[in-house]
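J.: Below is one structure. I have some questions about it.
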Amino acid sequence: MENKNSNSVEFKNISKFFPGVIALNDVSFRAESGRVYAIMGENGAGKSTLLKIMNGDYTMTHGEMLLNDTPVKFQSPKEAIDAGISVIYQERQIVEHLSVAENVFLGSWKRRHGFIDYDEMNRKAQEVIDKLNLPFSPEIKVGELSIAHQQMVEIMKAYVRDAKFIAFDEPTASLTDTEIDTLFAIIERMKCEGKVIFYVSHRLAEIDMIADVIVVLKDGALVGVVEQCDTTHDELIRMMVGRDLGDIFGKLPRNDNIGDIALEVESLSGPTVYDVSFTVRKGEILGFSGLVGSGRTEVMRLIMGEDPILDGRIKVDGQEVKIRAPKDAIQNGIVMLPEDRKKQGLFSNQSVSVNLSVSILSKLLNKAGLLSPKKESQVVNDLIDQFDIRTPSADKIVGELSGGNQQKTIFARCHATDPEIIILDEPTKGIDVGAKAEFYHIIVEYARMGKAVILISSEMPELIGLADRIIVMREGRIAGVVQREEASEEALLKLAMLGIGGNTV
Amino acid sequence: MKRFKLRLGRQGFVEKVGLIVALLLIILVFSLLNENYFSWQNLQNILTAASMTGLVAIGEALLIIGGLIDLSPGSIAALSSVLAGLFISWGVPPLLVIPCVIICGLLIGFLNALGINKLKLEPFIVTLSAMSIARGLGYILCGGKPVFINNTEFSSIGSKRILGSFTLPVIMLILAMIVFSVVLSRTKFGRSIYVLGGNPYAARLAGLNPERIKVYLFMISAGLAALGGGLLASRMQSSQPSSAVGLEFEGITAAVLGGVAMSGGIGNIAGVALGVLIIQCFNTGLIMNGVQTFWQDIARGILLILALGFDYYRRKKQSERQLKRSISEMTQQET
């Protein structure tokens, strides 16, 4: 019988090759129980690959993984689960119309006489709920829970399986601060129970709070394993990107030349938006803040013609425009980078080229009215160079690129339509520090070119650092406007949560 | 300058090797079994027999690439053969009968799209209804039984041999293949189909008009089926209300066999042509060797499963080879 309170994971010279890509290259480190190992690195650094090797999604090309000093080689996720590994992913793997208990025991439902034993399942689930101090019943449908609580259901799964090695993949991406506190309390608890914990995140502030050891990957290779107390943010960023970012926002060349009104929205109302009015000027970056569900994205959906406008007007360059579908918006020089790039932006099974040219096909026709491969290749390769999209060729399937490069592809597509007004909905969500800095430069450059930029973001430092004005939304209405000089996280939060402070439009 | 090659539908020549080999094998086996199989005359027969399936397969391929499906082409073809007889009896000039029939088909396709766009119903449901309605309408219009079309000018359309003894149905099929191959690969509309099938939501946000694309797609599918039905009436010299049952599934089978992915966004017309040829060469071969028609259905099902299974296996091997090659390239770079 192994000691319940002492576990370890050791990676020995792990490599994983894909066609044309070394995803992991000779990575070795050892993780002991009772400590939280933060795994950091840019997109494409190899973090996800490492997690996928751990949970049996991928088999490693070379190397060895040892659990409690016993070598293991998983052929399937099931084998990894049986060995005590549990990876909690960003995208929650839950079935919304099943209850908490049913989800928790998914795949191993308790049975008696051939029928599902709901009493037993609910009782067992309740035990875990009590242990973790969670405020919901095992019988409630998971779809009715908040996103944070849905994630807790994932964690409960790890508990009932008695997982000893638990990895979190960007767990806080859609959580509020209090929810993050609850999560961290649970992680602390797991730590004390002797579990080995891996924590993948881009958020440095969280790493400070929760990590004991930081493992930094870059381009598939291990850069270093450092104690959290021995390092600084600057040092970590340097390790991750191989260069010193310093104060990202301070160094951006800001645009002081703000021109005429480009877009004017007058008392716009839609299904979940009420009486929203604002203007954006040429060369201005207008921030949109507010909690998830406050109506930020919904306002933009109205402007893009994705949802029906119930009342109000939209003016571009002082002229009222009728927008019934996104193509009308694009014709009027408005374009949007959507929040959920997989679902709303990307044509995953098509080539980079098809993804880039889709909005400007009319400009790629030859005299006979057919698409000209020559024109297309020119435009597409220019965009690839301009946005530094890292792809072996234009005909590579876009779904095979890294997340940051997929996002760049969609951005480049928006750019190709030559917009006057660009709406960016969480443009840096889930991308790494280096790529973020690149995006900030692109955003500021857009403003300098005299374009009107609308920036929606949940990352307040990003809004404060980039926007000239920030509109804060709350329950479908504008709660207030904060000028650049007055912008602070506190001011934004007060408006978003309580509706106090700020100015009217 | 970066290497640039369009990979529309992810299908190059190499990906089709498996299909070509299968086709050659079928031809070889049946040629050995029956000396009349490998002949110019039989090629004509095969192509003529393939023309209806082929026309429908083009429509289905476009729709499936666009993430849609149409269950009504078989019924539309049957209805069209009935309408052709009706038009002749009304004194419509024989040469105008088929164009008129196509217009009726386009109308049905338009109605299909209308139901899908306006009522927000699944294509499967709407075209299932259309399949039922068109079939019923066909029976009603001709009193439930085949009706002889007594007009030599009309019946000569489908059987007349032009251009090196090819029949008109065959020429129409080849033309349609060429036209829609260009449409798919070289027009804005064609590109929109791939994009729509790849991600309909993103297609709309990227500025395309999915509703309009759907209207065109269902009109094309129904129009091609109507053309097939009109030609059938001419060839058979009769209205055939009970013909072409399951034709849409033959079309879908050919498209899928030719590499069109049911998940949307992948496939091309060259593949469909191969799919159609394989099925018809196989069918004709079975008929010539006296196999009962019931066995043909079973054989076609097995053929589809075998072809796709083989294709999956081949692609798996290929990606493994690719992986090995790139590993050796990478290790060479390191040393």
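All residue names refer to the structure tokens as shown: chains lettered A, B, ... in order, residues numbered from 1 in each chain, ligands numbered from 1 in order.
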List the spatial neighbours of Val482 of chain A as number ranges by chain - criterion: any atom at most 8 Å away, only C-alpha atoms, same-chain residues fewer than 4 positions off excluded.
T.: A: 469-472, 486-487, 491-492, 502-503
J.: How would the residues just picked look written out with C-alpha atoms as an mmCIF file, in the first residue's frame?
T.:
```cif
data_model
loop_
_atom_site.group_PDB
_atom_site.id
_atom_site.type_symbol
_atom_site.label_atom_id
_atom_site.label_comp_id
_atom_site.auth_asym_id
_atom_site.auth_seq_id
_atom_site.Cartn_x
_atom_site.Cartn_y
_atom_site.Cartn_z
ATOM 1 C CA ARG A 469 -12.597 56.182 -22.512
ATOM 2 C CA ILE A 470 -14.227 53.180 -20.923
ATOM 3 C CA ILE A 471 -17.966 52.528 -20.978
ATOM 4 C CA VAL A 472 -19.087 50.230 -18.201
ATOM 5 C CA GLU A 486 -9.780 58.498 -13.862
ATOM 6 C CA ALA A 487 -9.636 54.870 -14.876
ATOM 7 C CA ALA A 491 -13.629 52.623 -10.432
ATOM 8 C CA LEU A 492 -14.561 50.132 -13.149
ATOM 9 C CA GLY A 502 -18.368 57.484 -13.447
ATOM 10 C CA ASN A 503 -20.021 60.018 -15.694
#
```
J.: Could you give me, as JSON lines, every segment 48-83 of chain A residue with an atom at most 12 Å from segment 180-201 of chain A, plus its closest atom pair and distance in Å to one decimal, counting only C-alpha atoms, rows ordered by chain then number?
T.:
```
{"residue": "A:Ser48", "atom": "CA", "partner": "A:Val200", "partner_atom": "CA", "distance": 8.5}
{"residue": "A:Thr49", "atom": "CA", "partner": "A:Val200", "partner_atom": "CA", "distance": 11.6}
{"residue": "A:Leu50", "atom": "CA", "partner": "A:Val200", "partner_atom": "CA", "distance": 10.5}
{"residue": "A:Leu51", "atom": "CA", "partner": "A:Phe198", "partner_atom": "CA", "distance": 8.9}
{"residue": "A:Met54", "atom": "CA", "partner": "A:Phe198", "partner_atom": "CA", "distance": 10.7}
{"residue": "A:Leu67", "atom": "CA", "partner": "A:Val196", "partner_atom": "CA", "distance": 10.2}
{"residue": "A:Asn68", "atom": "CA", "partner": "A:Val196", "partner_atom": "CA", "distance": 10.4}
```
J.: Write a file of the just-selected residues containing C-alpha atoms, as a compact mmCIF listing (two decimals), in the first residue's frame.
T.:
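So the final result, stored in part_27.txt, reads:
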```txt
# COMPACT_ATOMS: atom_id res chain seq x y z
CA SER A 48 -1.34 21.71 -23.45
CA THR A 49 0.73 18.98 -25.04
CA LEU A 50 2.20 18.11 -21.67
CA LEU A 51 -1.28 17.93 -20.11
CA MET A 54 -0.49 13.21 -18.86
CA LEU A 67 3.84 8.09 -11.34
CA ASN A 68 5.11 7.40 -7.83
```
J.: Env of Ile279 of chain B: 9 Å cut, atoms = only C-alpha atoms, seq-sep filter 2 positions within chain, self excluded. Answer as a list in words.
T.: Leu23, Ala50, Glu250, Thr253, Ala254, Leu257, Leu274, Gly275, Val276, Leu277, Cys281, Phe282, Asn283, Thr284, Arg300 and Leu303 of chain B
J.: Can I get the selection written as a short mmCIF file (atom, residue, chain, number, x, y, z; two decimals), in the first residue's frame, with N, CA, C and O atoms?
T.:
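And here is the file that came out, result.cif:
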```cif
data_model
loop_
_atom_site.label_atom_id
_atom_site.label_comp_id
_atom_site.auth_asym_id
_atom_site.auth_seq_id
_atom_site.Cartn_x
_atom_site.Cartn_y
_atom_site.Cartn_z
N LEU B 23 -11.64 1.87 -58.96
CA LEU B 23 -12.35 1.90 -60.23
C LEU B 23 -11.70 0.96 -61.24
O LEU B 23 -12.36 0.15 -61.89
N ALA B 50 -25.51 6.23 -65.75
CA ALA B 50 -25.00 7.01 -64.62
C ALA B 50 -25.51 8.45 -64.64
O ALA B 50 -25.34 9.18 -63.65
N GLU B 250 -28.64 7.36 -53.74
CA GLU B 250 -27.58 6.98 -54.67
C GLU B 250 -26.63 8.15 -54.89
O GLU B 250 -25.42 8.00 -54.93
N THR B 253 -24.57 8.64 -51.81
CA THR B 253 -23.55 7.59 -51.77
C THR B 253 -22.38 7.93 -52.68
O THR B 253 -21.21 7.85 -52.28
N ALA B 254 -22.70 8.35 -53.92
CA ALA B 254 -21.63 8.68 -54.87
C ALA B 254 -20.79 9.83 -54.36
O ALA B 254 -19.55 9.80 -54.44
N LEU B 257 -18.69 8.64 -51.39
CA LEU B 257 -17.66 7.76 -51.92
C LEU B 257 -16.55 8.57 -52.57
O LEU B 257 -15.37 8.25 -52.47
N LEU B 274 -15.72 10.42 -59.86
CA LEU B 274 -15.17 9.09 -59.60
C LEU B 274 -16.17 8.22 -58.84
O LEU B 274 -16.36 7.04 -59.16
N GLY B 275 -16.82 8.81 -57.87
CA GLY B 275 -17.81 8.08 -57.08
C GLY B 275 -18.93 7.56 -57.96
O GLY B 275 -19.33 6.39 -57.86
N VAL B 276 -19.43 8.42 -58.84
CA VAL B 276 -20.51 8.03 -59.74
C VAL B 276 -20.06 6.89 -60.65
O VAL B 276 -20.77 5.89 -60.83
N LEU B 277 -18.85 7.04 -61.19
CA LEU B 277 -18.33 6.02 -62.10
C LEU B 277 -18.17 4.67 -61.40
O LEU B 277 -18.55 3.63 -61.93
N CYS B 281 -20.16 1.51 -62.78
CA CYS B 281 -19.36 0.42 -63.34
C CYS B 281 -19.65 -0.88 -62.59
O CYS B 281 -19.76 -1.96 -63.16
N PHE B 282 -19.78 -0.73 -61.30
CA PHE B 282 -20.05 -1.87 -60.44
C PHE B 282 -21.44 -2.43 -60.74
O PHE B 282 -21.62 -3.64 -60.98
N ASN B 283 -22.44 -1.51 -60.74
CA ASN B 283 -23.82 -1.92 -61.00
C ASN B 283 -23.97 -2.62 -62.34
O ASN B 283 -24.53 -3.72 -62.43
N THR B 284 -23.45 -1.96 -63.37
CA THR B 284 -23.57 -2.53 -64.72
C THR B 284 -22.88 -3.89 -64.78
O THR B 284 -23.39 -4.83 -65.39
N ARG B 300 -23.85 -2.49 -53.11
CA ARG B 300 -23.55 -1.06 -53.07
C ARG B 300 -23.26 -0.61 -51.64
O ARG B 300 -22.35 0.17 -51.39
N LEU B 303 -19.89 -1.82 -50.73
CA LEU B 303 -18.89 -1.03 -51.46
C LEU B 303 -18.59 0.27 -50.73
O LEU B 303 -17.43 0.67 -50.56
#
```
J.: Where does chain A meet chain B within 9 Å, residue by residue, with the nearest atom pair and distance in Å to one decimal for each, counting only C-alpha atoms, listed by chain and rising number, as a Markdown table?
T.:
```
| residue | atom | partner | partner_atom | distance |
| --- | --- | --- | --- | --- |
| A:Phe17 | CA | B:Ile327 | CA | 6.7 |
| A:Phe18 | CA | B:Leu323 | CA | 6.1 |
| A:Pro19 | CA | B:Leu323 | CA | 4.6 |
| A:Gly20 | CA | B:Ser326 | CA | 5.5 |
| A:Val21 | CA | B:Ser326 | CA | 8.0 |
| A:Ile22 | CA | B:Met330 | CA | 8.1 |
| A:Met304 | CA | B:Leu205 | CA | 8.0 |
| A:Gly305 | CA | B:Leu205 | CA | 8.9 |
| A:Glu306 | CA | B:Leu205 | CA | 7.6 |
| A:Ala325 | CA | B:Arg204 | CA | 7.7 |
| A:Pro326 | CA | B:Gly207 | CA | 5.3 |
| A:Lys327 | CA | B:Gly207 | CA | 3.8 |
| A:Asp328 | CA | B:Gly207 | CA | 7.6 |
| A:Ala329 | CA | B:Gly207 | CA | 8.1 |
| A:Ile330 | CA | B:Gly207 | CA | 6.4 |
| A:Gln331 | CA | B:Gly207 | CA | 8.4 |
| A:Val335 | CA | B:Ala206 | CA | 8.4 |
| A:Met336 | CA | B:Leu205 | CA | 7.9 |
| A:Pro338 | CA | B:Leu205 | CA | 8.5 |
| A:Arg341 | CA | B:Ala202 | CA | 8.8 |
| A:Lys342 | CA | B:Ala202 | CA | 8.8 |
| A:Lys343 | CA | B:Ala202 | CA | 7.0 |
| A:Gln344 | CA | B:Ala202 | CA | 4.5 |
| A:Gly345 | CA | B:Ala202 | CA | 4.8 |
| A:Leu346 | CA | B:Ala202 | CA | 6.5 |
| A:Phe347 | CA | B:Gly198 | CA | 5.2 |
| A:Ser348 | CA | B:Gly198 | CA | 6.8 |
| A:Asn349 | CA | B:Gly198 | CA | 6.2 |
| A:Gln350 | CA | B:Gly198 | CA | 6.9 |
| A:Ser351 | CA | B:Arg7 | CA | 6.6 |
| A:Ser353 | CA | B:Leu6 | CA | 7.7 |
| A:Val354 | CA | B:Val195 | CA | 7.8 |
| A:Asn355 | CA | B:Val195 | CA | 8.2 |
| A:Val358 | CA | B:Ala206 | CA | 6.9 |
| A:Ser359 | CA | B:Ala206 | CA | 5.5 |
| A:Ile360 | CA | B:Gly207 | CA | 9.0 |
| A:Leu361 | CA | B:Lys188 | CA | 6.0 |
| A:Ser362 | CA | B:Lys188 | CA | 7.0 |
| A:Leu364 | CA | B:Lys188 | CA | 8.9 |
| A:Leu365 | CA | B:Thr187 | CA | 8.1 |
| A:Gly369 | CA | B:Thr187 | CA | 7.5 |
| A:Leu370 | CA | B:Thr187 | CA | 5.1 |
| A:Leu371 | CA | B:Arg186 | CA | 4.9 |
| A:Ser372 | CA | B:Arg186 | CA | 7.5 |
| A:Pro373 | CA | B:Leu6 | CA | 7.8 |
| A:Ser377 | CA | B:Phe4 | CA | 6.4 |
| A:Asn381 | CA | B:Lys2 | CA | 7.1 |
| A:Pro392 | CA | B:Lys2 | CA | 8.5 |
| A:Ser393 | CA | B:Arg3 | CA | 6.2 |
| A:Ala394 | CA | B:Phe4 | CA | 6.0 |
| A:Asp395 | CA | B:Arg7 | CA | 5.6 |
| A:Lys396 | CA | B:Arg7 | CA | 8.0 |
| A:Ile397 | CA | B:Arg7 | CA | 8.5 |
| A:Arg413 | CA | B:Ala206 | CA | 8.4 |
| A:Cys414 | CA | B:Ala206 | CA | 8.1 |
```
J.: Can you pull out the residues contacting Glu489 of chain A? Cut-off 12 Å, using only C-alpha atoms, and skip same-chain residues under 6 positions away; I want them as a PyMOL selection string.
T.: chain A and resi 289-290+458-465+470+472+482+495-497
J.: Next, dump the selected residues to file, keeping only N, CA, C and O atoms, as a CSV table (one decimal), in the first residue's frame.
T.:
```
chain,number,residue,atom,x,y,z
A,289,SER,N,-16.4,47.8,-20.6
A,289,SER,CA,-16.2,46.9,-19.5
A,289,SER,C,-17.5,46.4,-18.9
A,289,SER,O,-18.6,46.8,-19.4
A,290,GLY,N,-17.5,45.6,-17.9
A,290,GLY,CA,-18.7,45.1,-17.3
A,290,GLY,C,-18.5,43.6,-17.1
A,290,GLY,O,-17.7,42.9,-17.7
A,458,SER,N,-12.3,41.7,-20.5
A,458,SER,CA,-12.5,41.4,-19.0
A,458,SER,C,-11.3,41.7,-18.3
A,458,SER,O,-11.3,41.7,-17.0
A,459,GLU,N,-10.2,41.9,-19.0
A,459,GLU,CA,-8.9,42.2,-18.3
A,459,GLU,C,-8.8,43.7,-18.1
A,459,GLU,O,-8.5,44.5,-19.0
A,460,MET,N,-9.0,44.1,-16.9
A,460,MET,CA,-9.1,45.6,-16.6
A,460,MET,C,-7.7,46.3,-16.9
A,460,MET,O,-7.8,47.4,-17.5
A,461,PRO,N,-6.6,45.7,-16.6
A,461,PRO,CA,-5.3,46.4,-16.9
A,461,PRO,C,-5.2,46.7,-18.4
A,461,PRO,O,-4.7,47.8,-18.8
A,462,GLU,N,-5.8,45.8,-19.2
A,462,GLU,CA,-5.7,46.0,-20.7
A,462,GLU,C,-6.6,47.2,-21.1
A,462,GLU,O,-6.1,48.0,-21.9
A,463,LEU,N,-7.8,47.3,-20.5
A,463,LEU,CA,-8.7,48.4,-20.8
A,463,LEU,C,-8.1,49.7,-20.4
A,463,LEU,O,-8.0,50.7,-21.1
A,464,ILE,N,-7.6,49.7,-19.1
A,464,ILE,CA,-7.0,50.9,-18.5
A,464,ILE,C,-5.8,51.4,-19.3
A,464,ILE,O,-5.6,52.5,-19.6
A,465,GLY,N,-5.0,50.4,-19.7
A,465,GLY,CA,-3.8,50.7,-20.5
A,465,GLY,C,-4.0,51.2,-21.9
A,465,GLY,O,-3.2,51.9,-22.4
A,470,ILE,N,-13.7,54.5,-21.2
A,470,ILE,CA,-14.2,53.2,-20.9
A,470,ILE,C,-15.7,53.3,-20.5
A,470,ILE,O,-16.1,54.0,-19.6
A,472,VAL,N,-18.8,51.4,-19.0
A,472,VAL,CA,-19.1,50.2,-18.2
A,472,VAL,C,-20.6,49.8,-18.3
A,472,VAL,O,-21.4,50.7,-18.2
A,482,VAL,N,-16.0,56.1,-17.8
A,482,VAL,CA,-14.8,56.5,-17.1
A,482,VAL,C,-13.8,57.0,-18.1
A,482,VAL,O,-13.4,56.4,-19.1
A,495,LEU,N,-18.6,50.5,-10.8
A,495,LEU,CA,-19.6,50.8,-11.8
A,495,LEU,C,-20.3,49.4,-12.2
A,495,LEU,O,-21.5,49.3,-12.3
A,496,ALA,N,-19.4,48.5,-12.5
A,496,ALA,CA,-19.9,47.2,-13.1
A,496,ALA,C,-20.8,46.5,-12.1
A,496,ALA,O,-21.8,45.9,-12.4
A,497,MET,N,-20.4,46.5,-10.8
A,497,MET,CA,-21.1,45.7,-9.8
A,497,MET,C,-22.2,46.5,-9.1
A,497,MET,O,-23.2,45.9,-8.7
```
J.: As a list in words, please: every residue in segment 89-264 of chain B that DSSP puts in strand (DSSP E).
T.: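 So, restricting segment 89-264 of chain B to strand (DSSP E), we get Val147, Phe148, Arg161, Ile162, Phe166, Thr167, Ser238 and Ser239 of chain B.
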J.: Please save all heavy atoms of the selected residues as a short mmCIF file (atom, residue, chain, number, x, y, z; two decimals), in the first residue's frame.
T.:
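The resulting file, out_28.cif, is reproduced below:
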```cif
data_model
loop_
_atom_site.label_atom_id
_atom_site.label_comp_id
_atom_site.auth_asym_id
_atom_site.auth_seq_id
_atom_site.Cartn_x
_atom_site.Cartn_y
_atom_site.Cartn_z
N VAL B 147 -47.41 6.93 -68.14
CA VAL B 147 -48.19 7.36 -69.30
C VAL B 147 -47.26 7.50 -70.50
O VAL B 147 -46.20 8.13 -70.41
CB VAL B 147 -48.88 8.71 -69.02
CG1 VAL B 147 -49.59 9.22 -70.28
CG2 VAL B 147 -49.86 8.56 -67.87
N PHE B 148 -47.65 6.87 -71.61
CA PHE B 148 -46.84 6.91 -72.82
C PHE B 148 -46.82 8.33 -73.40
O PHE B 148 -47.84 9.00 -73.46
CB PHE B 148 -47.43 5.92 -73.83
CG PHE B 148 -46.69 5.90 -75.14
CD1 PHE B 148 -45.35 5.51 -75.18
CD2 PHE B 148 -47.33 6.28 -76.32
CE1 PHE B 148 -44.67 5.49 -76.39
CE2 PHE B 148 -46.64 6.26 -77.52
CZ PHE B 148 -45.31 5.87 -77.55
N ARG B 161 -27.79 10.51 -80.59
CA ARG B 161 -26.37 10.48 -80.29
C ARG B 161 -25.67 11.61 -81.02
O ARG B 161 -25.78 11.74 -82.23
CB ARG B 161 -25.78 9.13 -80.69
CG ARG B 161 -26.30 8.04 -79.77
CD ARG B 161 -25.81 6.67 -80.14
NE ARG B 161 -26.47 5.68 -79.29
CZ ARG B 161 -25.97 5.30 -78.11
NH1 ARG B 161 -24.84 5.80 -77.68
NH2 ARG B 161 -26.60 4.42 -77.38
N ILE B 162 -25.00 12.41 -80.26
CA ILE B 162 -24.25 13.51 -80.84
C ILE B 162 -22.80 13.41 -80.36
O ILE B 162 -22.49 12.63 -79.46
CB ILE B 162 -24.83 14.89 -80.44
CG1 ILE B 162 -25.85 14.71 -79.30
CG2 ILE B 162 -25.45 15.59 -81.63
CD1 ILE B 162 -26.39 15.98 -78.76
N PHE B 166 -22.04 10.08 -78.10
CA PHE B 166 -22.51 10.28 -76.73
C PHE B 166 -23.97 10.73 -76.75
O PHE B 166 -24.36 11.53 -77.59
CB PHE B 166 -21.68 11.35 -76.01
CG PHE B 166 -20.35 10.85 -75.56
CD1 PHE B 166 -19.19 11.23 -76.24
CD2 PHE B 166 -20.23 10.01 -74.47
CE1 PHE B 166 -17.96 10.77 -75.84
CE2 PHE B 166 -19.00 9.54 -74.07
CZ PHE B 166 -17.86 9.92 -74.75
N THR B 167 -24.77 10.21 -75.81
CA THR B 167 -26.16 10.65 -75.75
C THR B 167 -26.25 11.98 -75.02
O THR B 167 -25.34 12.36 -74.28
CB THR B 167 -27.04 9.63 -74.99
OG1 THR B 167 -26.48 9.44 -73.70
CG2 THR B 167 -27.10 8.30 -75.74
N SER B 238 -42.06 8.04 -71.80
CA SER B 238 -43.22 7.94 -70.91
C SER B 238 -42.99 8.73 -69.62
O SER B 238 -41.85 9.01 -69.25
CB SER B 238 -43.50 6.48 -70.55
OG SER B 238 -42.36 5.93 -69.91
N SER B 239 -44.09 9.10 -68.99
CA SER B 239 -44.04 9.66 -67.65
C SER B 239 -43.89 8.50 -66.68
O SER B 239 -44.59 7.51 -66.79
CB SER B 239 -45.33 10.42 -67.34
OG SER B 239 -45.46 11.50 -68.21
#
```
J.: Give the answer as one residue: which of B:Phe180, B:Tyr216, B:Tyr139, B:Trp40 has the shortest atom-to-atom distance to Ala78 of chain B, using only C-alpha atoms?
T.: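 Checking each candidate against Ala78 of chain B, we get B:Tyr139 as the closest.
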J.: Just give me the gap between atom CA of Ala125 of chain A and atom CA of Lys157 of chain A in Å, one decimal is fine.
T.: 9.2 Å
J.: Suppose you want the space between atom CA of Ile46 of chain B and atom CA of Gly229 of chain B; what is it in Å?
T.: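 Between these atoms lies a distance of 17.7 Å.
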J.: Got a sec: who's within 7 Å of segment 256-272 of chain A, counting only C-alpha atoms, leaving out chain neighbours fewer than 6 positions off, as number ranges by chain?
T.: A: 278-284, 295, 302, 308-317, 452, 476
J.: Those same residues, written as a PDB file, in the first residue's frame with C-alpha atoms?
T.:
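Contents of out.pdb, freshly written:
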```pdb
ATOM      1  CA  PHE A 278     -22.523  56.293 -27.262  1.00  0.00           C
ATOM      2  CA  THR A 279     -20.116  57.629 -29.854  1.00  0.00           C
ATOM      3  CA  VAL A 280     -16.659  56.606 -31.001  1.00  0.00           C
ATOM      4  CA  ARG A 281     -14.333  59.005 -32.762  1.00  0.00           C
ATOM      5  CA  LYS A 282     -11.773  58.326 -35.441  1.00  0.00           C
ATOM      6  CA  GLY A 283      -8.498  57.438 -33.814  1.00  0.00           C
ATOM      7  CA  GLU A 284     -10.128  56.705 -30.486  1.00  0.00           C
ATOM      8  CA  GLY A 295     -24.647  43.223 -22.257  1.00  0.00           C
ATOM      9  CA  LEU A 302     -26.807  44.614 -32.471  1.00  0.00           C
ATOM     10  CA  PRO A 308     -32.479  42.234 -34.366  1.00  0.00           C
ATOM     11  CA  ILE A 309     -32.518  45.881 -33.329  1.00  0.00           C
ATOM     12  CA  LEU A 310     -35.769  46.608 -31.501  1.00  0.00           C
ATOM     13  CA  ASP A 311     -35.281  50.337 -31.189  1.00  0.00           C
ATOM     14  CA  GLY A 312     -32.704  53.038 -31.771  1.00  0.00           C
ATOM     15  CA  ARG A 313     -30.401  54.171 -34.537  1.00  0.00           C
ATOM     16  CA  ILE A 314     -26.866  53.629 -35.747  1.00  0.00           C
ATOM     17  CA  LYS A 315     -25.017  56.380 -37.604  1.00  0.00           C
ATOM     18  CA  VAL A 316     -21.746  55.967 -39.470  1.00  0.00           C
ATOM     19  CA  ASP A 317     -19.993  59.245 -40.324  1.00  0.00           C
ATOM     20  CA  ALA A 452     -12.253  53.913 -34.483  1.00  0.00           C
ATOM     21  CA  GLY A 476     -27.979  45.607 -20.293  1.00  0.00           C
TER      22      GLY A 476
END
```
J.: Report, in Å with one decimal, the straight-line distance from atom CA of Gln237 of chain B to atom CA of Ile76 of chain B.
T.: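 Atom CA of Gln237 of chain B sits 17.8 Å away from atom CA of Ile76 of chain B.
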J.: Of the residues A:Leu356, A:Val100, A:Ile422, A:Leu455, which is the one nearest to Val380 of chain A, using only C-alpha atoms?
T.: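 Residue with the minimum atom-to-atom distance to Val380 of chain A: A:Leu356.
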J.: I'd like the contact shell of Phe11 of chain A - 6 Å cut-off, only C-alpha atoms, skipping same-chain residues fewer than 5 positions apart - returned as a PDB file with N, CA, C and O atoms, in the first residue's frame.
T.:
```pdb
ATOM      1  N   SER A  28      12.210  17.419 -18.864  1.00  0.00           N
ATOM      2  CA  SER A  28      12.354  16.599 -17.651  1.00  0.00           C
ATOM      3  C   SER A  28      12.131  17.456 -16.416  1.00  0.00           C
ATOM      4  O   SER A  28      12.719  18.520 -16.296  1.00  0.00           O
ATOM      5  N   PHE A  29      11.251  17.041 -15.542  1.00  0.00           N
ATOM      6  CA  PHE A  29      11.205  17.610 -14.190  1.00  0.00           C
ATOM      7  C   PHE A  29      10.388  16.698 -13.302  1.00  0.00           C
ATOM      8  O   PHE A  29       9.689  15.809 -13.777  1.00  0.00           O
ATOM      9  N   MET A  65       7.219   8.702 -18.435  1.00  0.00           N
ATOM     10  CA  MET A  65       6.528   9.383 -17.348  1.00  0.00           C
ATOM     11  C   MET A  65       6.405   8.405 -16.187  1.00  0.00           C
ATOM     12  O   MET A  65       6.017   7.254 -16.389  1.00  0.00           O
TER      13      MET A  65
END
```
J.: So, counting only C-alpha atoms, which residue among A:Gly63, A:Gly403, A:Ala447, A:Val36 is closest to Asn13 of chain A?
T.: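 Residue with the minimum atom-to-atom distance to Asn13 of chain A: A:Gly63.
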